[in-house]
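Novice: Before anything else, here's the structure in question.
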Amino acid sequence: MQYVWMLIFWVLPLAALFYLAWHLWCLLPLPSVWKWVVIVFGVGAFSLLFLNFARKFDNLPLWLASLGYDIGTSTLVIMLYMFMMFLLLDLGRLVRLVPKEWLYSNWTTTGILAALLVGIFVYGNLHYHHKHRQELTLTTDKPLRKELKLVMVSDLHIGYHNRRIDLARWVDMLNDEHADMILIAGDIIDGSMRPLKEERMYEEFHRLNAPVYACIGNHEFYAGINDAMQFYTDAGIHLLRDSAVLVDGIRIIGRDDRSQVGRKNIKELMASPSGGRVEGAFTIVLDHQPYHLDCTAEAGVDFQFSGHTHHGQILPVSWITEAIYECSYGECKRGNTHFYITSGLGIWGGKFRIGTCSEYVVATVKN
């Protein structure tokens, strides 16, 4: 398995980088020195991605760290689309649909590819900033004190790219729903805690006009779990880690992230008296990663809300998540258990949504 991950994260990106460099060298009708400038600039932009992973931005001014994050992560996505474009042209050459001269010192091809890339990523950025409102109705025979309106989100990924100004807009948007409670299925934090602390982002959560209940996600562990938990406390978020709480007659269970060895299984949590367990209460589970849905159904859970997949963020990555997860996005049912897997309110990396959406979910729970 170690060699598989090495292939995915090192060998394949480097091979793609050489493939793109060779194609750009052949395509650009420029003197060699300018071709080198373009290639070195591209490699440098791509290398910022790894500097981000190594937390080398934390000592830079916040604006510069954010710029480095945006360039590095955006370059990864741009390279993917460039790779697909050149691959299609190469396949076209193979079946004699694309003349060889289209790929050698050709300003027309260069202009067309550049225009396509600009168009795709301007659309992707605008589409990311438009947050879709998804509606969901959950009907139950179990007793309810009243009809409840829940606002549910996941994967905010606040940090260098989703700054306090973004979070403030999201808080205003969620407040407009006037919900009874807000549920968050993990990954509030992206990675580095530095921008959250420096911009005092926890203060924005205090503006929410409904109580907030959340489970933990894998990115909270990347950020440092102790710092992440302190942030949840400062933000006034009710964090549920393999624990439960009873709110308005509904039992909410928050699971620890599946990456943590030793987390309780769902049957244990359902049987636990924690959270003032009431027999026959409508039960909602917050579980960041949507795995083993059948186990949740067998445990008698009424509804599970998950995130993590981002629905791949962009095509064709969304096809990969659909192959990996039994349900990578949207509503699904297993037995009597209703699931909703959200694509997330925020995003990791470059702010592009292509073939997917950023969303929040408004659910009505009623008899």
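By convention here, the chains of the structure tokens are called A, B, ... in the order presented, each chain's residues are numbered starting at 1, and ligands are numbered starting at 1 in the order presented.
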Neighbours of segment 138-141 of chain A within 12 Å (only C-alpha atoms; same-chain residues fewer than 6 positions away dropped), as JSON, numbers by chain?
Specialist: {"A": [147, 148, 149, 150, 250, 280, 281, 282, 283, 284, 301, 302, 303, 304, 331, 333, 336, 337, 338, 339, 340, 362, 363, 364, 365, 366, 367]}
Novice: Would you mind exporting the chosen residues as a CSV table (one decimal), in the first residue's frame, restricted to N, CA, C and O atoms?
Specialist:
chain,number,residue,atom,x,y,z
A,147,GLU,N,-42.3,20.2,14.9
A,147,GLU,CA,-41.6,20.1,13.6
A,147,GLU,C,-40.3,20.9,13.7
A,147,GLU,O,-40.3,22.1,14.2
A,148,LEU,N,-39.2,20.4,13.3
A,148,LEU,CA,-37.9,21.0,13.4
A,148,LEU,C,-37.3,21.4,12.1
A,148,LEU,O,-37.4,20.6,11.1
A,149,LYS,N,-36.6,22.5,12.0
A,149,LYS,CA,-35.9,22.9,10.9
A,149,LYS,C,-34.4,22.9,11.2
A,149,LYS,O,-33.9,23.5,12.1
A,150,LEU,N,-33.7,22.0,10.4
A,150,LEU,CA,-32.2,21.8,10.6
A,150,LEU,C,-31.5,22.4,9.5
A,150,LEU,O,-31.9,22.2,8.3
A,250,ILE,N,-34.9,15.0,20.0
A,250,ILE,CA,-34.1,14.3,19.0
A,250,ILE,C,-32.7,13.9,19.5
A,250,ILE,O,-32.1,14.8,20.2
A,280,GLY,N,-36.9,5.1,21.5
A,280,GLY,CA,-37.9,5.5,20.5
A,280,GLY,C,-37.7,6.9,20.0
A,280,GLY,O,-38.5,7.4,19.2
A,281,ALA,N,-36.6,7.6,20.4
A,281,ALA,CA,-36.3,8.9,19.9
A,281,ALA,C,-35.8,8.9,18.5
A,281,ALA,O,-35.0,8.0,18.1
A,282,PHE,N,-36.1,9.9,17.7
A,282,PHE,CA,-35.6,10.0,16.4
A,282,PHE,C,-34.1,10.3,16.5
A,282,PHE,O,-33.7,11.2,17.3
A,283,THR,N,-33.3,9.5,15.8
A,283,THR,CA,-31.8,9.6,16.0
A,283,THR,C,-31.1,10.1,14.7
A,283,THR,O,-31.3,9.5,13.6
A,284,ILE,N,-30.3,11.1,14.9
A,284,ILE,CA,-29.4,11.6,13.8
A,284,ILE,C,-28.0,11.3,14.1
A,284,ILE,O,-27.5,11.6,15.3
A,301,VAL,N,-30.4,3.5,13.1
A,301,VAL,CA,-30.3,5.0,13.0
A,301,VAL,C,-31.4,5.5,12.0
A,301,VAL,O,-31.6,4.8,11.0
A,302,ASP,N,-32.0,6.6,12.3
A,302,ASP,CA,-33.0,7.1,11.4
A,302,ASP,C,-32.4,8.0,10.3
A,302,ASP,O,-32.9,7.8,9.1
A,303,PHE,N,-31.4,8.8,10.6
A,303,PHE,CA,-30.8,9.6,9.6
A,303,PHE,C,-29.3,9.9,9.9
A,303,PHE,O,-28.9,10.1,11.0
A,304,GLN,N,-28.5,9.8,8.8
A,304,GLN,CA,-27.1,10.1,9.0
A,304,GLN,C,-26.7,11.2,8.0
A,304,GLN,O,-27.1,11.1,6.8
A,331,GLU,N,-28.8,12.0,-1.6
A,331,GLU,CA,-29.7,11.2,-0.8
A,331,GLU,C,-29.5,9.7,-1.2
A,331,GLU,O,-29.4,9.4,-2.3
A,333,LYS,N,-30.8,5.6,0.7
A,333,LYS,CA,-31.4,4.8,1.8
A,333,LYS,C,-30.8,3.4,1.9
A,333,LYS,O,-30.5,2.8,0.9
A,336,ASN,N,-34.3,1.2,6.6
A,336,ASN,CA,-35.1,2.3,7.1
A,336,ASN,C,-34.3,3.6,7.4
A,336,ASN,O,-34.9,4.5,7.9
A,337,THR,N,-33.1,3.5,7.1
A,337,THR,CA,-32.2,4.6,7.4
A,337,THR,C,-32.0,5.5,6.2
A,337,THR,O,-31.7,5.1,5.1
A,338,HIS,N,-32.2,6.8,6.4
A,338,HIS,CA,-32.0,7.8,5.4
A,338,HIS,C,-30.6,8.5,5.5
A,338,HIS,O,-30.2,8.8,6.6
A,339,PHE,N,-29.9,8.6,4.4
A,339,PHE,CA,-28.6,9.2,4.4
A,339,PHE,C,-28.6,10.5,3.5
A,339,PHE,O,-29.3,10.5,2.5
A,340,TYR,N,-27.8,11.4,3.9
A,340,TYR,CA,-27.5,12.5,2.9
A,340,TYR,C,-25.9,12.8,3.0
A,340,TYR,O,-25.4,13.1,4.1
A,362,VAL,N,-31.0,22.2,4.0
A,362,VAL,CA,-32.1,22.6,5.0
A,362,VAL,C,-33.1,21.5,5.0
A,362,VAL,O,-33.7,21.1,4.1
A,363,ALA,N,-33.1,20.9,6.2
A,363,ALA,CA,-34.0,19.7,6.4
A,363,ALA,C,-35.1,20.0,7.4
A,363,ALA,O,-34.9,20.6,8.4
A,364,THR,N,-36.3,19.5,7.0
A,364,THR,CA,-37.4,19.6,7.9
A,364,THR,C,-37.7,18.2,8.5
A,364,THR,O,-37.9,17.2,7.7
A,365,VAL,N,-37.8,18.1,9.8
A,365,VAL,CA,-38.1,16.8,10.5
A,365,VAL,C,-39.5,16.9,11.0
A,365,VAL,O,-39.8,17.8,11.8
A,366,LYS,N,-40.4,16.0,10.6
A,366,LYS,CA,-41.8,16.2,11.0
A,366,LYS,C,-42.5,14.8,11.0
A,366,LYS,O,-42.0,13.8,10.4
A,367,ASN,N,-43.6,14.7,11.6
A,367,ASN,CA,-44.5,13.5,11.6
A,367,ASN,C,-45.4,13.5,10.4
A,367,ASN,O,-45.7,14.5,9.8
Novice: Sorted by chain and rising residue number, which residues of segment 255-341 of chain A lie within 12 Å of segment 122-130 of chain A, and what are their closest atom pairs and distances in Å to one decimal, counting only C-alpha atoms, as CSV?
Specialist:
residue,atom,partner,partner_atom,distance
A:His310,CA,A:Tyr128,CA,11.8
A:Gln313,CA,A:Tyr128,CA,9.3
A:Ile314,CA,A:Gly124,CA,8.5
A:Leu315,CA,A:Gly124,CA,10.7
Novice: State, in Å with one decimal place, the distance from atom CA of Leu28 of chain A to atom CA of Ile120 of chain A.
Specialist: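 Those two atoms sit 20.8 Å apart.
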Novice: Among segment 118-186 of chain A, which residues does DSSP mark as strand (DSSP E) when it is run on the backbone? Keep the chain and numbering as in the structure and answer as a ChimeraX atom specification.
Specialist: /A:131-139,148-153,181-185
Novice: Please provide the set of residues having any atom within 9 Å of Lys131 of chain A, restricted to only C-alpha atoms, with same-chain residues fewer than 2 positions apart removed, written as a VMD selection string.
Specialist: chain A and resid 127 to 129 133 170 345 357 to 360
Novice: Just list the residues in segment 39-164 of chain A DSSP gives alpha helix (DSSP H) on the backbone, as a PyMOL selection string.
Specialist: chain A and resi 39-53+62-94+107-129+164
Novice: Please tabulate, as a tab-separated table, the residues of segment 91-201 of chain A that come within 12 Å of segment 75-87 of chain A, each with its closest pair of atoms and the distance in Å to one decimal, counting only C-alpha atoms and ordering rows by chain, then residue number upward.
Specialist:
residue	atom	partner	partner_atom	distance
A:Leu91	CA	A:Leu87	CA	6.2
A:Gly92	CA	A:Leu87	CA	8.5
A:Arg93	CA	A:Leu87	CA	9.8
A:Leu94	CA	A:Leu87	CA	10.4
A:Val98	CA	A:Phe86	CA	11.3
A:Trp102	CA	A:Phe86	CA	11.0
A:Leu103	CA	A:Phe86	CA	8.9
A:Thr109	CA	A:Phe86	CA	10.7
A:Thr110	CA	A:Phe86	CA	11.2
A:Ile112	CA	A:Met85	CA	10.9
A:Leu113	CA	A:Met85	CA	7.8
A:Ala114	CA	A:Met82	CA	9.4
A:Ala115	CA	A:Met82	CA	11.8
A:Leu116	CA	A:Met85	CA	9.6
A:Leu117	CA	A:Ile78	CA	7.6
A:Val118	CA	A:Ile78	CA	9.6
A:Gly119	CA	A:Ile78	CA	11.8
A:Ile120	CA	A:Tyr81	CA	9.2
A:Phe121	CA	A:Ile78	CA	8.1
A:Val122	CA	A:Ile78	CA	11.6
A:Gly124	CA	A:Val77	CA	10.8
A:Asn125	CA	A:Val77	CA	11.9
Novice: Please compute the atom CA of Ser32 of chain A-atom CA of Leu48 of chain A distance, one decimal, in Å.
Specialist: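 Separation of atom CA of Ser32 of chain A and atom CA of Leu48 of chain A: 24.6 Å.
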Novice: Find the residues around Phe18 of chain A up to 12 Å (only C-alpha atoms counted), leave out those fewer than 5 positions away in its own chain, and share them as a PyMOL selection string.
Specialist: chain A and resi 11-13+23-25+39-40+42-43+79+83
Novice: Identify, on the basis of only C-alpha atoms, every residue whose closest approach to His288 of chain A does not exceed 10 Å; exclude the query and any residue fewer than 6 positions from it along the same chain; express the result as a compact mmCIF listing (two decimals) with N, CA, C and O atoms, in the first residue's frame.
Specialist:
# COMPACT_ATOMS: atom_id res chain seq x y z
N SER A 154 -21.10 20.83 5.97
CA SER A 154 -19.88 20.07 6.23
C SER A 154 -18.75 20.69 5.41
O SER A 154 -18.99 21.47 4.49
N ASP A 155 -17.53 20.36 5.77
CA ASP A 155 -16.36 20.70 4.97
C ASP A 155 -16.26 22.19 4.66
O ASP A 155 -16.18 22.60 3.51
N ILE A 184 -23.01 20.25 11.87
CA ILE A 184 -21.81 20.31 11.03
C ILE A 184 -21.10 18.96 11.08
O ILE A 184 -20.77 18.47 12.16
N ALA A 185 -20.88 18.38 9.90
CA ALA A 185 -20.30 17.03 9.82
C ALA A 185 -18.79 17.05 9.58
O ALA A 185 -18.27 16.34 8.73
N GLY A 186 -18.07 17.87 10.34
CA GLY A 186 -16.61 17.81 10.33
C GLY A 186 -15.91 18.66 9.28
O GLY A 186 -16.54 19.27 8.41
N ASP A 187 -14.59 18.70 9.40
CA ASP A 187 -13.71 19.48 8.53
C ASP A 187 -14.10 20.96 8.48
O ASP A 187 -14.14 21.58 7.41
N ALA A 214 -21.64 19.40 16.25
CA ALA A 214 -20.71 18.97 15.20
C ALA A 214 -19.96 17.72 15.61
O ALA A 214 -19.77 17.44 16.81
N CYS A 215 -19.53 16.97 14.61
CA CYS A 215 -18.56 15.90 14.82
C CYS A 215 -17.22 16.36 14.27
O CYS A 215 -17.11 17.43 13.66
N ILE A 216 -16.22 15.56 14.46
CA ILE A 216 -14.86 15.91 14.03
C ILE A 216 -14.61 15.31 12.65
O ILE A 216 -15.24 14.33 12.26
N GLY A 217 -13.70 15.92 11.89
CA GLY A 217 -13.32 15.38 10.59
C GLY A 217 -11.83 15.07 10.55
O GLY A 217 -11.09 15.36 11.50
N ASN A 218 -11.35 14.51 9.45
CA ASN A 218 -9.93 14.15 9.36
C ASN A 218 -9.03 15.38 9.33
O ASN A 218 -7.90 15.34 9.81
N GLY A 254 -22.62 12.14 17.54
CA GLY A 254 -21.46 12.55 16.74
C GLY A 254 -20.36 11.52 16.86
O GLY A 254 -19.97 11.16 17.98
N ARG A 255 -19.90 11.03 15.74
CA ARG A 255 -18.85 10.01 15.75
C ARG A 255 -17.47 10.63 15.62
O ARG A 255 -17.30 11.67 14.97
N ASP A 256 -16.49 9.99 16.22
CA ASP A 256 -15.11 10.38 15.98
C ASP A 256 -14.78 10.02 14.54
O ASP A 256 -15.48 9.21 13.90
N ASP A 257 -13.72 10.60 14.00
CA ASP A 257 -13.38 10.32 12.61
C ASP A 257 -12.90 8.88 12.46
O ASP A 257 -12.22 8.34 13.34
N ARG A 258 -13.23 8.25 11.33
CA ARG A 258 -12.90 6.84 11.12
C ARG A 258 -11.40 6.60 11.04
O ARG A 258 -10.94 5.46 11.17
N GLN A 304 -28.51 9.78 8.82
CA GLN A 304 -27.08 10.10 8.95
C GLN A 304 -26.71 11.19 7.97
O GLN A 304 -27.09 11.14 6.79
N PHE A 305 -25.95 12.16 8.47
CA PHE A 305 -25.44 13.25 7.63
C PHE A 305 -23.93 13.16 7.60
O PHE A 305 -23.28 13.09 8.64
N SER A 306 -23.35 13.14 6.39
CA SER A 306 -21.90 13.00 6.22
C SER A 306 -21.41 13.96 5.16
O SER A 306 -22.20 14.54 4.39
N GLY A 307 -20.10 14.11 5.09
CA GLY A 307 -19.47 14.95 4.07
C GLY A 307 -18.25 14.23 3.51
O GLY A 307 -18.32 13.12 3.04
N HIS A 308 -17.11 14.92 3.54
CA HIS A 308 -15.79 14.35 3.23
C HIS A 308 -15.51 14.17 1.74
O HIS A 308 -14.40 14.47 1.28
N THR A 309 -16.47 13.70 0.97
CA THR A 309 -16.18 13.34 -0.43
C THR A 309 -16.02 14.57 -1.32
O THR A 309 -15.37 14.49 -2.36
N ILE A 341 -25.30 12.63 1.85
CA ILE A 341 -23.86 12.89 1.74
C ILE A 341 -23.70 14.22 1.01
O ILE A 341 -24.06 14.34 -0.17
N THR A 342 -23.18 15.22 1.71
CA THR A 342 -23.08 16.55 1.12
C THR A 342 -21.74 16.77 0.42
O THR A 342 -20.72 16.19 0.82
